Protein chains: 2
Amino acid sequence: MTPRPHTAVIGLGAMGLPMATHLSAHLPVTAYDISEPRLAQLAAANGTPAATPADAAVEADVVLLAVRDQQQVETALFGENGENGVTATLRPGATVILTSTVGPEAARATAARLADLGVHTVDAPVSGGPVRAGNGDLLIVVGADDKALDLARPVLDLLASTLTVVGPRPGDGQALKAINQLLAGVHIAAAAEALALARGLGLDPATVVESLRHGAAGSFMFADRGPRMVQAYEDGPDPEVKSRLDIFVKDMGIVTGVAKDAHVPVPLASAAQQLYLLGEAAGLAAHDDSSVVTVLSPKSPKSSKSPNSPEGGTR
Amino acid sequence: MTPRPHTAVIGLGAMGLPMATHLSAHLPVTAYDISEPRLAQLAAANGTPAATPADAAVEADVVLLAVRDQQQVETALFGENGENGVTATLRPGATVILTSTVGPEAARATAARLADLGVHTVDAPVSGGPVRAGNGDLLIVVGADDKALDLARPVLDLLASTLTVVGPRPGDGQALKAINQLLAGVHIAAAAEALALARGLGLDPATVVESLRHGAAGSFMFADRGPRMVQAYEDGPDPEVKSRLDIFVKDMGIVTGVAKDAHVPVPLASAAQQLYLLGEAAGLAAHDDSSVVTVLSPKSPKSSKSPNSPEGGTR
């Protein structure tokens with residue numbers, strides 16, 4: 001184990017930037033992102049910007065991937081048209097930490113390609129959101145063999161308050177993350193149905209959240225997203241984007257794909273997937289995921305009866 | 001308010017018997033049920049058995065209905081072929097407490113018929129299960145005007161640890177109960193999908209419950225039913241029946257019916273309803289609701305590959 005491994009962070013998005021910033025206080029960090037402003041923010045936090053993933057990885061002992069999906073993982077690692085990817089410069093014996101949610105099969109395939117180059121893989125999807133990412137307070141579920149885990153430990157220990165080793169293979173962490181996302185995505189959608197129906201029945205949604213959150217109907221998501229769904233109904237500004245709706249478009253796609261491959265029926269997860277897709281189709285991709293409630297019951301009750309008015313509709 | 005109202009309890013099922021037994025320690029209780037053994041149990045607990053609902057109601061100030069569904073409510077109140085119902089003997093000015101989950105419309109229709117006879121109605125669906133019913137520790141959500149609530153208070157206060165007055169009309173309690181059941185029923189079905197998929201991905205379901213129950217994927221039902229679903233997979237005895245699966249066949253039917261009438265889409269609740277119907281079709285109506293997991297993933301993993309073996313299938 002290198003106690004202060006040179007770390008390359010690829011992807012400075014909602015999760016990548018706070019993780020890279022937090023790591024920069026403890027380790028030498030070089031980072032790449034397509035966004036110049038994000039790179040500037042990292043530089044202001046003591047990190048070193050790089051022009052390409054390959055440049056970021058030149059001196060890296062550990063590469064932390066914090067990109068959106070499997071396509072971005074492949075581009076980051078193996079380059080666009082085979083150029084400028086991490087593996088163009090990364091030394092054999094280095095370790096790639098995959099923090100994105102991409103599904104078990106994608107993680108296994110990626111690990112196999114990296115193993116051919118002598119590079120270790122730690123499958124380590126993260127949960128907790130941007131604020132906790134910046135405080136080293138993430139939940140990380142890991143699939144990795146002991147050697148890879150040992151090499152990645154200094155970085156993982158800085159990022160995680162809870163680190164669960166699910167199994168020895170890349171993909172094992174993704175499997176548990178998929179279960180987590182199934183429950184989280186269904187619970188958010190259930191909260192939306194509950195509050196849309198509450199309003200439809202003439203109940204006050206805010207009172208319903210308070211009445212039910214501590215009982216047999218309670219969930220983390222009902223208590224967390226419920227008040228923001230109530231806010232999403234109101235005529236004021238939309239709720240702050242804590243987690244984008246299109247993350248669940250992606251993740252419920254992974255869940256239903258994994259389930260299909262395993263021949264396990266998941267009718268609720270499939271219904272939730274369709275609901276997030278409806279949210280995306282309604283233009284809510286970059287809104288907070290709590291805005292999915294407006295797919296079921298429109299934002300403004302007054303304007304909902306006048307579809308031709310400017311503020312009508314289900315935006 | 002009568003401080004110790006004569007109370008007639010109609011229905012001595014999983015909830016009715018413990019409620020009647022608990023009330024018998026504090027009030028004069030007369031009760032009716034079709035089952036002689038249940039009546040004998042009530043008699044042993046200081047209650048007075050009656051031969052018909054009408055007989056039970058002769059001296060009643062308050063009638064507590066604890067029957068299964070709206071059809072049984074109507075039979076109990078208005079009789080079979082118009083005979084032997086509560087209203088044949090109940091005095092005007094008495095109060096009926098409706099503890100069953102029947103939906104807002106049914107509660108309103110029942111209250112209207114009773115009002116024509118000068119009888120008050122308290123819509124008061126209960127939650128909490130048999131053990132809490134026997135300890136006066138139920139959650140009760142009420143729709144009733146002040147007069148009716150006042151008359152029912154001595155009984156409700158004995159039964160409830162938490163009493164929420166939702167609104168002044170019968171049906172208001174049912175509306176909140178429908179929202180509660182939407183969330184509870186969807187969360188149980190989501191737990192089933194999560195644990196069936198976990199097993200399909202080679203994860204240990206018991207470990208998954210422990211890993212995820214306290215995080216963003218957590219729900220009351222995942223923590224409560226999850227361990228029983230794990231047990232439902234095993235080859236030992238089925239989980240003890242704490243709440244029958246067919247209760248959710250009924251209640252998700254109410255939820256989707258109410259939602260249809262309110263023109264609110266509830267795709268997850270509809271998927272959950274179908275899952276409980278599949279459970280019923282598989283012979284699980286009287287099993288614990290956690291057994292719904294076996295619809296998604298069969299009980300014994302070894303026998304699941306031999307559908308012709310005696311222990312195969314999805315019972």
# chains A, B, ... in the order shown; residues from 1 in each chain; ligands from 1

call {"tool": "select_by_dssp", "arguments": {"residues": "segment 37-149 of chain B", "states": "helix (DSSP H, G or I)", "output": "ChimeraX atom specification"}}
result
/B:37-44,53-57,70-78,86-88,104-116,129-134,146-149

call {"tool": "select_by_dssp", "arguments": {"residues": "segment 112-143 of chain B", "states": "strand (DSSP E or B)", "output": "PyMOL selection string"}}
result
chain B and resi 120-123+126-127+138-143

call {"tool": "atom_distance", "arguments": {"atom1": "atom CA of Asp224 of chain B", "atom2": "atom CA of Leu268 of chain A"}}
result
19.2 Å

call {"tool": "closest_residue", "arguments": {"among": "B:Val241, B:Leu183, B:Leu90, B:Ala282", "to": "chain A", "atoms": "only C-alpha atoms"}}
result
B:Leu183

call {"tool": "residues_around", "arguments": {"residues": "Ala281 of chain B", "least_positions_apart": "2", "cutoff": "12 Å", "atoms": "only C-alpha atoms", "output": "MDAnalysis selection string"}}
result
chainID B and resid 245:246 249 274:279 283:286 292 295 314:315

call {"tool": "residues_around", "arguments": {"residues": "Val102 of chain B", "least_positions_apart": "6", "cutoff": "12 Å", "atoms": "only C-alpha atoms", "output": "NGL selection string"}}
result
:B and (65-74 or 108-110 or 123-126 or 170-178 or 181 or 247 or 250-255 or 257-258)

call {"tool": "atom_distance", "arguments": {"atom1": "atom CA of Ala115 of chain A", "atom2": "atom CA of Val63 of chain A"}}
result
14.3 Å

call {"tool": "residues_around", "arguments": {"residues": "segment 82-88 of chain B", "least_positions_apart": "4", "cutoff": "12 Å", "atoms": "only C-alpha atoms", "output": "JSON, numbers by chain"}}
result
{"B": [8, 9, 10, 31, 32, 50, 51, 52, 53, 54, 55, 56, 57, 58, 59, 60, 61, 62, 63, 64, 65, 72, 73, 74, 75, 76, 77, 78, 92, 93, 94, 95, 96, 110, 113, 114, 115, 116, 117, 118, 119, 120]}

call {"tool": "closest_residue", "arguments": {"among": "B:Gln231, B:Asn180, B:Ser161, B:Gln273", "to": "Gly103 of chain B", "atoms": "only C-alpha atoms"}}
result
B:Asn180

call {"tool": "closest_residue", "arguments": {"among": "B:Arg228, B:His187, B:Arg153, B:Lys242", "to": "chain A", "atoms": "only C-alpha atoms"}}
result
B:His187

call {"tool": "closest_residue", "arguments": {"among": "A:Ala217, A:Ala152, A:Val209, A:Leu159", "to": "Ala133 of chain A", "atoms": "only C-alpha atoms"}}
result
A:Leu159

call {"tool": "residues_around", "arguments": {"residues": "Val266 of chain B", "least_positions_apart": "3", "cutoff": "10 Å", "atoms": "only C-alpha atoms", "output": "mmCIF file with N, CA and C atoms, in the first residue's frame"}}
result
data_model
loop_
_atom_site.group_PDB
_atom_site.id
_atom_site.type_symbol
_atom_site.label_atom_id
_atom_site.label_comp_id
_atom_site.auth_asym_id
_atom_site.auth_seq_id
_atom_site.Cartn_x
_atom_site.Cartn_y
_atom_site.Cartn_z
ATOM 1 N N ALA A 189 -40.839 6.885 -6.168
ATOM 2 C CA ALA A 189 -42.033 6.830 -7.010
ATOM 3 C C ALA A 189 -43.281 6.571 -6.168
ATOM 4 N N ALA A 190 -43.165 5.726 -5.150
ATOM 5 C CA ALA A 190 -44.301 5.451 -4.260
ATOM 6 C C ALA A 190 -44.692 6.705 -3.491
ATOM 7 N N ALA A 192 -44.319 9.687 -4.531
ATOM 8 C CA ALA A 192 -44.996 10.552 -5.500
ATOM 9 C C ALA A 192 -46.452 10.135 -5.682
ATOM 10 N N GLU A 193 -46.683 8.830 -5.845
ATOM 11 C CA GLU A 193 -48.063 8.359 -5.984
ATOM 12 C C GLU A 193 -48.884 8.695 -4.747
ATOM 13 N N ALA A 194 -48.305 8.471 -3.594
ATOM 14 C CA ALA A 194 -49.030 8.702 -2.340
ATOM 15 C C ALA A 194 -49.431 10.169 -2.213
ATOM 16 N N ALA A 196 -49.545 12.523 -4.655
ATOM 17 C CA ALA A 196 -50.454 12.926 -5.723
ATOM 18 C C ALA A 196 -51.872 12.455 -5.405
ATOM 19 N N LEU A 197 -51.994 11.227 -4.900
ATOM 20 C CA LEU A 197 -53.322 10.718 -4.546
ATOM 21 C C LEU A 197 -53.889 11.474 -3.348
ATOM 22 N N ALA A 271 -42.362 -0.317 -13.381
ATOM 23 C CA ALA A 271 -43.313 0.800 -13.359
ATOM 24 C C ALA A 271 -42.607 2.090 -12.953
ATOM 25 N N LEU A 275 -42.064 5.684 -14.991
ATOM 26 C CA LEU A 275 -42.411 6.977 -14.400
ATOM 27 C C LEU A 275 -41.248 7.964 -14.546
ATOM 28 N N LEU A 296 -47.533 12.936 -12.159
ATOM 29 C CA LEU A 296 -48.780 12.311 -11.720
ATOM 30 C C LEU A 296 -49.869 13.337 -11.425
ATOM 31 N N LEU B 182 -51.355 2.366 0.409
ATOM 32 C CA LEU B 182 -50.600 2.472 -0.846
ATOM 33 C C LEU B 182 -49.105 2.323 -0.547
ATOM 34 N N VAL B 255 -57.197 1.087 -2.988
ATOM 35 C CA VAL B 255 -56.281 2.172 -3.392
ATOM 36 C C VAL B 255 -56.423 2.478 -4.884
ATOM 37 N N THR B 256 -56.389 1.442 -5.715
ATOM 38 C CA THR B 256 -56.445 1.700 -7.154
ATOM 39 C C THR B 256 -57.837 2.174 -7.577
ATOM 40 N N ALA B 259 -58.012 5.813 -6.559
ATOM 41 C CA ALA B 259 -57.158 6.603 -7.454
ATOM 42 C C ALA B 259 -57.817 6.781 -8.815
ATOM 43 N N LYS B 260 -58.429 5.719 -9.320
ATOM 44 C CA LYS B 260 -59.154 5.810 -10.591
ATOM 45 C C LYS B 260 -60.258 6.862 -10.502
ATOM 46 N N HIS B 263 -58.894 10.199 -10.662
ATOM 47 C CA HIS B 263 -58.120 10.436 -11.885
ATOM 48 C C HIS B 263 -56.640 10.705 -11.590
ATOM 49 N N ALA B 269 -48.702 1.249 -7.457
ATOM 50 C CA ALA B 269 -49.735 0.595 -6.651
ATOM 51 C C ALA B 269 -50.465 -0.457 -7.484
ATOM 52 N N SER B 270 -50.660 -0.169 -8.776
ATOM 53 C CA SER B 270 -51.320 -1.146 -9.650
ATOM 54 C C SER B 270 -50.451 -2.390 -9.825
ATOM 55 N N ALA B 271 -49.155 -2.180 -9.993
ATOM 56 C CA ALA B 271 -48.250 -3.331 -10.124
ATOM 57 C C ALA B 271 -48.241 -4.143 -8.830
#

call {"tool": "residues_around", "arguments": {"residues": "His26 of chain B", "least_positions_apart": "5", "cutoff": "12 Å", "atoms": "only C-alpha atoms", "output": "list of chain:residue names"}}
result
B:Pro3, B:Arg4, B:Pro5, B:His6, B:Thr7, B:Met19, B:Ala20, B:Thr21, B:Ala45, B:Asn46, B:Gly47, B:Gly136, B:Pro154, B:Val155, B:Asp157, B:Leu158, B:Leu159

call {"tool": "write_last_selection", "arguments": {"atoms": "C-alpha atoms", "output": "compact mmCIF listing (two decimals), in the first residue's frame"}}
result
# COMPACT_ATOMS: atom_id res chain seq x y z
CA PRO B 3 -68.08 7.53 30.35
CA ARG B 4 -68.58 3.76 30.18
CA PRO B 5 -70.70 3.23 27.05
CA HIS B 6 -72.22 -0.17 26.43
CA THR B 7 -70.26 -1.35 23.41
CA MET B 19 -59.91 -5.07 20.56
CA ALA B 20 -63.04 -6.59 22.16
CA THR B 21 -60.96 -8.36 24.80
CA ALA B 45 -62.41 -12.53 28.63
CA ASN B 46 -65.49 -11.17 30.40
CA GLY B 47 -67.46 -10.23 27.26
CA GLY B 136 -54.75 -0.30 23.25
CA PRO B 154 -64.30 6.60 25.55
CA VAL B 155 -63.94 3.62 23.20
CA ASP B 157 -59.21 6.39 23.71
CA LEU B 158 -59.03 2.84 25.08
CA LEU B 159 -57.91 1.47 21.71

call {"tool": "closest_residue", "arguments": {"among": "B:Met15, B:Val186, B:Leu156, B:Leu163", "to": "Pro267 of chain B", "atoms": "only C-alpha atoms"}}
result
B:Val186

call {"tool": "atom_distance", "arguments": {"atom1": "atom CA of Gly143 of chain B", "atom2": "atom CA of Val166 of chain B"}}
result
5.7 Å
